[in-house]
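A short write-up of the structure that comes next.
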Amino acid sequence: MAYPLRYALADLALALSRAASDPVEVRTTAAGAAADMIGDGAGVQLLRDDGRYEEISYRHLDDEQSEPLARALDRAGQAPEDEYSTALAASRRPIVLAGDSAAGLGGPESSITAAVLCPVIVDNTYAGYLILTRHAPDAFYSTPEVELARDIAGELSLAVSSARAQERLRASEERYRRVLETIPEGVLQLDPNGVANYANEAIGVVLGMPRAELMGVSLRGFLDNVGQKELDRRINECKTGRSTVGATRLMRADGSRRSVRISMMPVQNEHHEFGGVLCMVTDTTDHIDARGLKRQLDHLRRLDSLGHLIGGLSHDFNNLMTVVAGSADMILGHSEEGSPSYQLAKDIMDAVGTGRTLTHQLLAFGRSEGNRPEVIPIPDLLTDVQALFSRTLGERIGLDLAFGPDVWPVKAERGPLEQALVNLAANARDAMLHGGMVRVTATNEVVEPGQLAEGAPTGKLVHLVVTDTGSGMDDEVRKRALEPFFTTRATAAGLGLATTAGIVHNLGGHIELESQPRLGTTVHIYLPAAEQKAGTSGERQQKNAVIGRVLIVEDQPDVAQLVRRLIEPAGYEIAVATDALMAVTQVASGARPDLLITDVVMPTMTGPELAGALRTHQPDLPVLYMSGYTAASLGPQLHLDDNSMLLEKPFTRSTLLGAIRSLCGPQPPVSGK
């Protein structure tokens, strides 16, 4: 009898281990085995996680009695505070009942005459009990039967412990699975050869492939040659038990690239041997782009500040040059031609002319928002920017300008247009680190609809071509070269070509790039030709009135006195004010000048504001503005009507007197002086 019993317990243990994944099946298997091995009925009443009893699993050899007895014995939802539960938890030994004490377990209708309650101890904690019941008169349980019940309760304890451990493991795995699926970082597990055997949803987004398609795919397929060598090195490092962290670039399934940070840690198999690596992949592309954008925006702010600084310095420099030019002009007028003083004064005048051209280019370059388009002859434009081109390109790069005198003019702001051309020169220079050649040509073209790209202008166009012999670009770079902030050089802002394209488009033009690696780049710019009118658009009607009284308002005393010395010999009666408010007071007190010569930018009141104040007393007062800024740089703060004009500094005596005659008519007779 001992061997069949041993076999029965072994079979029970095997059945319980197979049912360990299902707690209900564990209870049912144990109750059925106890009923079969000991006889009559048996049930399992275990505690839930909340400390109360769960539903009983009960089986009787007479199936018709199983359900009624289960209802009578079930204590589901009750706390283990009754005398039997308290005794079982305290003693951890079976309780054997007979007669009235046994009948009290299920009530009179259950007809229980004998019972055994064996505690179920799981992980050294009371977890419920196994109950055996008999219903024949004078029934009882022998000592061997009680010991067998105790053995069955022991096997049940092991099974419940295993079932609960597996349930906790499943819950933990589910919890970690949810974590892996919901975290923003990509998770990729690789075997020792770098082939993926696990991937979460996030890594599928990073690599541009559904996670299911990543299984069995090597990570090497998403890396370039350098990245593949780095992957092998890091896997070998993980084989030694060390974790690694590093940055790389992955190529997505659609061909685009993403910057990522990968943390790799070794994973052991069931034999505690190296089984691969677990990768945590963080997409850092947006963060890197944001840092690059901040750096580029800082560069833009510095450029804007530099533009304002250039404007202010050029204005002050023009004031100084005005004094130099005017003084040299006066020396020239009093010197004998061919004398040393005459030649020195002439050299000074030539140098001032060169300086004037340079400062006006810097002003237009630094402050190009004036919105004052003018008709620009292309030959004049290219001749003027030749010096800027040469300074930009340096000594190692040659410059060839080719254009005819019949090239049509364009209507544009000179400053932005010069800036666009200089940007192209700068890009060409950066592509020719070891020297080369830049060729600039200008021709007339009549473009039919559809001849250029969609949205490009048609009709009479000026075609500007800038060609270099630099390193060139591949198709991928060429297609993005005009995008703002796109650059292939870490130290560049990526704004040169984008700024040029923006200027060209604002002028109603079109820009195209041709380039091949190692063969150089050609930039085509198409600008609408300006309508050419007969005569000079800014020509004024000749004035016949003779003026005599001139009011000079200039906050720089040396410039004010120079203007006085330049025009005084011509016979004008001159009054000078170094403060705009002083000039307003003089006119309000009865002074009536025939002409106002005033600086535009002054501390207390601008030139246009001063002109407006004086014209309340003299509505027809002519105004000659002087400024170290260009007209385009002054922008909306200067409005020129038919009775005013602008004279840009530095100027000479002849230019100043010519402007006065153009604005007001002939000067007074010198005999009056």
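In the structure tokens, each chain is lettered A, B, ... as it comes, each chain's residues begin at 1, and ligands are numbered from 1 in order of appearance.
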Near-Ala20 in chain A list (9 Å; only C-alpha atoms; drop same-chain fewer than 4 positions) as an MDAnalysis selection string | chainID A and resid 15:16 25:26 159:164 166
Using only C-alpha atoms, please write the residues we just selected to a file, as a PDB file, in the first residue's frame.
```pdb
ATOM      1  CA  ALA A  15      -0.215  17.243 -11.962  1.00  0.00           C
ATOM      2  CA  LEU A  16       0.090  20.265  -9.685  1.00  0.00           C
ATOM      3  CA  GLU A  25      -6.697  24.453 -11.728  1.00  0.00           C
ATOM      4  CA  VAL A  26      -4.228  23.995  -8.852  1.00  0.00           C
ATOM      5  CA  ALA A 159       2.126  24.197  -5.987  1.00  0.00           C
ATOM      6  CA  VAL A 160       0.468  27.373  -4.687  1.00  0.00           C
ATOM      7  CA  SER A 161       3.890  28.864  -3.958  1.00  0.00           C
ATOM      8  CA  SER A 162       5.044  28.011  -7.494  1.00  0.00           C
ATOM      9  CA  ALA A 163       1.796  29.305  -9.019  1.00  0.00           C
ATOM     10  CA  ARG A 164       2.026  32.572  -7.128  1.00  0.00           C
ATOM     11  CA  GLN A 166       4.856  32.413 -11.697  1.00  0.00           C
TER      12      GLN A 166
END
```
Extract the full set of strand (DSSP E) residues from range 457-604 of chain A according to DSSP on the backbone, and format it as a PyMOL selection string.
-> chain A and resi 459-468+510-516+520-528+549-553+573-577+595-599
Can you tell me, as a list in words, what residues are no more than 10 Å from Val447 in chain A when counting only C-alpha atoms, ignoring any on the same chain fewer than 2 positions away?
->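 Within the cut-off, the hits are Asn444, Glu445, Pro449, Gly450, Gln451, Leu452, Ala456, Pro457, Thr458, Gly459, Lys460, Leu461, Val462 and Tyr526 of chain A.
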Filtered DSSP result for range 232-277 of chain A, state alpha helix (DSSP H), as a PyMOL selection string | chain A and resi 232-239
Print the selection's residues with all heavy atoms to a file, as a PDB file, in the first residue's frame.
```pdb
ATOM      1  N   ASP A 232      31.149  46.610 -33.819  1.00  0.00           N
ATOM      2  CA  ASP A 232      31.938  45.419 -33.484  1.00  0.00           C
ATOM      3  C   ASP A 232      32.813  45.683 -32.260  1.00  0.00           C
ATOM      4  O   ASP A 232      32.938  44.826 -31.370  1.00  0.00           O
ATOM      5  CB  ASP A 232      32.813  45.025 -34.671  1.00  0.00           C
ATOM      6  CG  ASP A 232      31.979  44.508 -35.848  1.00  0.00           C
ATOM      7  OD1 ASP A 232      30.858  44.039 -35.598  1.00  0.00           O
ATOM      8  OD2 ASP A 232      32.453  44.591 -36.996  1.00  0.00           O
ATOM      9  N   ARG A 233      33.426  46.862 -32.213  1.00  0.00           N
ATOM     10  CA  ARG A 233      34.289  47.187 -31.079  1.00  0.00           C
ATOM     11  C   ARG A 233      33.512  47.213 -29.773  1.00  0.00           C
ATOM     12  O   ARG A 233      33.963  46.681 -28.748  1.00  0.00           O
ATOM     13  CB  ARG A 233      34.961  48.540 -31.310  1.00  0.00           C
ATOM     14  CG  ARG A 233      35.982  48.916 -30.228  1.00  0.00           C
ATOM     15  CD  ARG A 233      36.423  50.352 -30.355  1.00  0.00           C
ATOM     16  NE  ARG A 233      35.343  51.281 -30.064  1.00  0.00           N
ATOM     17  CZ  ARG A 233      34.941  51.588 -28.837  1.00  0.00           C
ATOM     18  NH1 ARG A 233      35.515  51.028 -27.782  1.00  0.00           N
ATOM     19  NH2 ARG A 233      33.947  52.435 -28.649  1.00  0.00           N
ATOM     20  N   ARG A 234      32.321  47.772 -29.822  1.00  0.00           N
ATOM     21  CA  ARG A 234      31.536  47.905 -28.591  1.00  0.00           C
ATOM     22  C   ARG A 234      30.943  46.561 -28.154  1.00  0.00           C
ATOM     23  O   ARG A 234      30.810  46.296 -26.956  1.00  0.00           O
ATOM     24  CB  ARG A 234      30.445  48.956 -28.792  1.00  0.00           C
ATOM     25  CG  ARG A 234      31.029  50.349 -29.038  1.00  0.00           C
ATOM     26  CD  ARG A 234      29.967  51.381 -29.263  1.00  0.00           C
ATOM     27  NE  ARG A 234      29.152  51.575 -28.075  1.00  0.00           N
ATOM     28  CZ  ARG A 234      28.083  52.355 -28.024  1.00  0.00           C
ATOM     29  NH1 ARG A 234      27.708  53.009 -29.107  1.00  0.00           N
ATOM     30  NH2 ARG A 234      27.402  52.490 -26.916  1.00  0.00           N
ATOM     31  N   ILE A 235      30.571  45.695 -29.120  1.00  0.00           N
ATOM     32  CA  ILE A 235      30.097  44.349 -28.750  1.00  0.00           C
ATOM     33  C   ILE A 235      31.227  43.567 -28.092  1.00  0.00           C
ATOM     34  O   ILE A 235      31.021  42.867 -27.084  1.00  0.00           O
ATOM     35  CB  ILE A 235      29.548  43.614 -29.987  1.00  0.00           C
ATOM     36  CG1 ILE A 235      28.220  44.239 -30.436  1.00  0.00           C
ATOM     37  CG2 ILE A 235      29.332  42.138 -29.685  1.00  0.00           C
ATOM     38  CD1 ILE A 235      27.617  43.597 -31.672  1.00  0.00           C
ATOM     39  N   ASN A 236      32.440  43.663 -28.640  1.00  0.00           N
ATOM     40  CA  ASN A 236      33.588  42.981 -28.032  1.00  0.00           C
ATOM     41  C   ASN A 236      33.858  43.520 -26.629  1.00  0.00           C
ATOM     42  O   ASN A 236      34.248  42.764 -25.729  1.00  0.00           O
ATOM     43  CB  ASN A 236      34.828  43.160 -28.911  1.00  0.00           C
ATOM     44  CG  ASN A 236      34.724  42.372 -30.213  1.00  0.00           C
ATOM     45  OD1 ASN A 236      34.054  41.333 -30.261  1.00  0.00           O
ATOM     46  ND2 ASN A 236      35.381  42.853 -31.258  1.00  0.00           N
ATOM     47  N   GLU A 237      33.641  44.816 -26.424  1.00  0.00           N
ATOM     48  CA  GLU A 237      33.822  45.384 -25.092  1.00  0.00           C
ATOM     49  C   GLU A 237      32.784  44.840 -24.123  1.00  0.00           C
ATOM     50  O   GLU A 237      33.084  44.567 -22.956  1.00  0.00           O
ATOM     51  CB  GLU A 237      33.752  46.906 -25.169  1.00  0.00           C
ATOM     52  CG  GLU A 237      34.205  47.600 -23.900  1.00  0.00           C
ATOM     53  CD  GLU A 237      34.363  49.103 -24.075  1.00  0.00           C
ATOM     54  OE1 GLU A 237      34.392  49.559 -25.237  1.00  0.00           O
ATOM     55  OE2 GLU A 237      34.451  49.805 -23.053  1.00  0.00           O
ATOM     56  N   CYS A 238      31.533  44.661 -24.617  1.00  0.00           N
ATOM     57  CA  CYS A 238      30.483  44.089 -23.761  1.00  0.00           C
ATOM     58  C   CYS A 238      30.789  42.635 -23.405  1.00  0.00           C
ATOM     59  O   CYS A 238      30.381  42.149 -22.342  1.00  0.00           O
ATOM     60  CB  CYS A 238      29.129  44.187 -24.458  1.00  0.00           C
ATOM     61  SG  CYS A 238      28.422  45.850 -24.499  1.00  0.00           S
ATOM     62  N   LYS A 239      31.494  41.913 -24.287  1.00  0.00           N
ATOM     63  CA  LYS A 239      31.843  40.520 -24.000  1.00  0.00           C
ATOM     64  C   LYS A 239      32.729  40.414 -22.767  1.00  0.00           C
ATOM     65  O   LYS A 239      32.738  39.379 -22.092  1.00  0.00           O
ATOM     66  CB  LYS A 239      32.554  39.896 -25.199  1.00  0.00           C
ATOM     67  CG  LYS A 239      31.637  39.577 -26.368  1.00  0.00           C
ATOM     68  CD  LYS A 239      32.414  38.930 -27.509  1.00  0.00           C
ATOM     69  CE  LYS A 239      31.487  38.615 -28.679  1.00  0.00           C
ATOM     70  NZ  LYS A 239      32.223  38.008 -29.823  1.00  0.00           N
TER      71      LYS A 239
END
```
For Leu156 in chain A, the nearest of the candidates A:Ala30, A:Gly194, A:Arg168, A:Ser111, counting only C-alpha atoms =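 Checking each of A:Ala30, A:Gly194, A:Arg168, A:Ser111 against Leu156 in chain A, counting only C-alpha atoms, the winner is A:Ala30.
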Which one of A:Asp100, A:Glu374, A:Asp400, A:Asp475 sits closest to Pro416 in chain A if you count only C-alpha atoms?
-> A:Glu374
For range 124-169 of chain A versus range 48-71 of chain A, which residues have an atom no more than 9 Å away, and what is each residue's nearest atom pair and distance in Å rounded to one decimal, using only C-alpha atoms, chain-then-number order, as JSON lines?
```
{"residue": "A:Ala127", "atom": "CA", "partner": "A:Arg48", "partner_atom": "CA", "distance": 8.3}
{"residue": "A:Gly128", "atom": "CA", "partner": "A:Tyr53", "partner_atom": "CA", "distance": 7.6}
{"residue": "A:Ile131", "atom": "CA", "partner": "A:Tyr58", "partner_atom": "CA", "distance": 8.8}
{"residue": "A:Thr133", "atom": "CA", "partner": "A:His60", "partner_atom": "CA", "distance": 8.8}
```
For range 203-210 of chain A: contacts at 9 Å, only C-alpha atoms, fewer than 4 positions along chain excluded, given as a compact mmCIF listing (two decimals) with N, CA and C atoms, in the first residue's frame:
```txt
# COMPACT_ATOMS: atom_id res chain seq x y z
N PRO A 184 10.04 56.49 -24.24
CA PRO A 184 10.36 57.09 -25.54
C PRO A 184 11.65 56.56 -26.14
N GLU A 185 12.54 55.96 -25.32
CA GLU A 185 13.79 55.43 -25.86
C GLU A 185 13.54 54.12 -26.59
N GLY A 186 14.31 53.91 -27.63
CA GLY A 186 14.25 52.65 -28.34
C GLY A 186 15.03 51.58 -27.59
N VAL A 187 14.49 50.36 -27.54
CA VAL A 187 15.16 49.23 -26.90
C VAL A 187 15.35 48.14 -27.94
N LEU A 188 16.58 47.68 -28.06
CA LEU A 188 16.93 46.69 -29.07
C LEU A 188 17.87 45.68 -28.42
N ALA A 199 12.76 44.02 -30.09
CA ALA A 199 12.69 45.46 -30.41
C ALA A 199 11.37 45.99 -29.89
N LEU A 214 11.88 43.98 -37.72
CA LEU A 214 13.25 44.13 -37.23
C LEU A 214 13.81 42.84 -36.69
N PHE A 222 21.95 49.41 -40.72
CA PHE A 222 21.55 50.81 -40.48
C PHE A 222 22.77 51.70 -40.20
N LEU A 250 22.40 56.80 -37.42
CA LEU A 250 21.73 55.66 -38.03
C LEU A 250 21.07 56.09 -39.33
N MET A 251 21.09 55.21 -40.31
CA MET A 251 20.38 55.47 -41.56
C MET A 251 19.04 54.73 -41.50
N ARG A 252 17.94 55.48 -41.58
CA ARG A 252 16.60 54.89 -41.49
C ARG A 252 16.26 54.16 -42.78
N ALA A 253 15.17 53.42 -42.74
CA ALA A 253 14.76 52.64 -43.90
C ALA A 253 14.46 53.52 -45.10
N ASP A 254 14.03 54.79 -44.86
CA ASP A 254 13.72 55.69 -45.97
C ASP A 254 14.94 56.45 -46.48
N ARG A 258 19.50 59.82 -38.67
CA ARG A 258 19.15 60.31 -37.35
C ARG A 258 20.38 60.20 -36.46
N VAL A 260 21.82 59.52 -32.84
CA VAL A 260 21.34 58.78 -31.68
C VAL A 260 22.46 58.61 -30.66
N MET A 280 19.92 50.62 -25.40
CA MET A 280 18.97 51.70 -25.18
C MET A 280 19.33 52.82 -26.16
N VAL A 281 18.42 53.13 -27.07
CA VAL A 281 18.71 54.07 -28.15
C VAL A 281 17.87 55.33 -27.96
N THR A 282 18.53 56.48 -27.81
CA THR A 282 17.87 57.77 -27.64
C THR A 282 18.10 58.63 -28.87
N ASP A 283 17.01 59.06 -29.49
CA ASP A 283 17.11 59.92 -30.68
C ASP A 283 17.46 61.34 -30.24
```
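CA of Met437 in chain A to CA of Ala501 in chain A spans 22.5 Å [interatomic distance, one decimal].
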Near Ile95 in chain A, within 10 Å and counting only C-alpha atoms, which residues show up once chain neighbours fewer than 3 positions away are dropped, as a PyMOL selection string?
-> chain A and resi 84+87-88+91-92+115-119+131+146
Which of these, A:Asn319, A:Gln618, A:Asn423, A:Ser335, has the shortest distance to Val601 in chain A once you count only C-alpha atoms?
-> A:Asn319
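Atom pair CA of Pro192 in chain A / CA of His272 in chain A: separated by 14.0 Å.
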Computed interatomic separation between CA of Leu640 in chain A and CA of Val352 in chain A (Å) = 26.5 Å
Nearest to Ser662 in chain A: which of A:Glu648, A:Asp642, A:Asp82, A:Glu476 is it, counting only C-alpha atoms?
->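 The answer is A:Asp642, which sits nearest to Ser662 in chain A.
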Extract, using only C-alpha atoms, all DNA, RNA and protein residues at most 7 Å from Tyr572 in chain A, discarding same-chain residues fewer than 3 positions from it, and format them as a PyMOL selection string.
-> chain A and resi 548-550+567-568+668
File of the preceding selection, all heavy atoms, as a tab-separated table (two decimals), in the first residue's frame:
```tsv
chain	number	residue	atom	x	y	z
A	548	GLY	N	19.63	133.80	-51.39
A	548	GLY	CA	20.76	134.49	-50.77
A	548	GLY	C	21.03	134.03	-49.36
A	548	GLY	O	22.17	133.98	-48.93
A	549	ARG	N	19.99	133.66	-48.60
A	549	ARG	CA	20.15	133.31	-47.18
A	549	ARG	C	20.09	131.78	-47.01
A	549	ARG	O	19.12	131.14	-47.45
A	549	ARG	CB	19.07	133.98	-46.34
A	549	ARG	CG	19.14	135.52	-46.37
A	549	ARG	CD	18.03	136.13	-45.55
A	549	ARG	NE	16.70	135.77	-46.05
A	549	ARG	CZ	16.06	136.41	-47.03
A	549	ARG	NH1	16.64	137.46	-47.61
A	549	ARG	NH2	14.86	136.04	-47.42
A	550	VAL	N	21.09	131.23	-46.39
A	550	VAL	CA	21.18	129.77	-46.17
A	550	VAL	C	21.33	129.51	-44.69
A	550	VAL	O	22.17	130.14	-44.01
A	550	VAL	CB	22.37	129.17	-46.94
A	550	VAL	CG1	22.48	127.67	-46.64
A	550	VAL	CG2	22.23	129.41	-48.43
A	567	ILE	N	30.58	127.16	-49.20
A	567	ILE	CA	29.60	127.91	-49.98
A	567	ILE	C	29.70	129.42	-49.76
A	567	ILE	O	29.13	130.21	-50.51
A	567	ILE	CB	28.16	127.43	-49.67
A	567	ILE	CG1	27.77	127.75	-48.22
A	567	ILE	CG2	28.01	125.95	-49.94
A	567	ILE	CD1	26.30	127.46	-47.93
A	568	GLU	N	30.44	129.83	-48.72
A	568	GLU	CA	30.51	131.26	-48.43
A	568	GLU	C	31.11	132.07	-49.59
A	568	GLU	O	30.60	133.15	-49.94
A	568	GLU	CB	31.32	131.49	-47.15
A	568	GLU	CG	31.13	132.88	-46.55
A	568	GLU	CD	31.74	132.97	-45.17
A	568	GLU	OE1	32.78	132.30	-44.92
A	568	GLU	OE2	31.19	133.70	-44.32
A	668	PRO	N	23.56	133.66	-55.88
A	668	PRO	CA	23.54	135.13	-55.93
A	668	PRO	C	24.82	135.68	-56.54
A	668	PRO	O	25.85	135.00	-56.57
A	668	PRO	CB	23.39	135.53	-54.47
A	668	PRO	CG	24.00	134.39	-53.71
A	668	PRO	CD	23.65	133.16	-54.50
```
Name all residues at most 6 Å from Lys411 in chain A (count only C-alpha atoms; drop same-chain ones fewer than 2 positions away) and give them as a PyMOL selection string.
-> chain A and resi 374-376+530
Kindly save the residues from that selection, with N, CA, C and O atoms included, as a short mmCIF file (atom, residue, chain, number, x, y, z; two decimals), in the first residue's frame.
```cif
data_model
loop_
_atom_site.label_atom_id
_atom_site.label_comp_id
_atom_site.auth_asym_id
_atom_site.auth_seq_id
_atom_site.Cartn_x
_atom_site.Cartn_y
_atom_site.Cartn_z
N GLU A 374 16.06 101.26 -56.91
CA GLU A 374 16.50 102.20 -57.93
C GLU A 374 16.85 101.42 -59.19
O GLU A 374 17.06 100.20 -59.15
N VAL A 375 16.90 102.11 -60.31
CA VAL A 375 17.30 101.47 -61.56
C VAL A 375 18.82 101.39 -61.56
O VAL A 375 19.51 102.41 -61.50
N ILE A 376 19.34 100.16 -61.61
CA ILE A 376 20.78 99.93 -61.48
C ILE A 376 21.33 99.39 -62.79
O ILE A 376 20.96 98.30 -63.23
N ALA A 530 14.68 96.20 -65.96
CA ALA A 530 13.91 97.41 -65.64
C ALA A 530 13.51 98.11 -66.93
O ALA A 530 14.20 98.04 -67.96
#
```
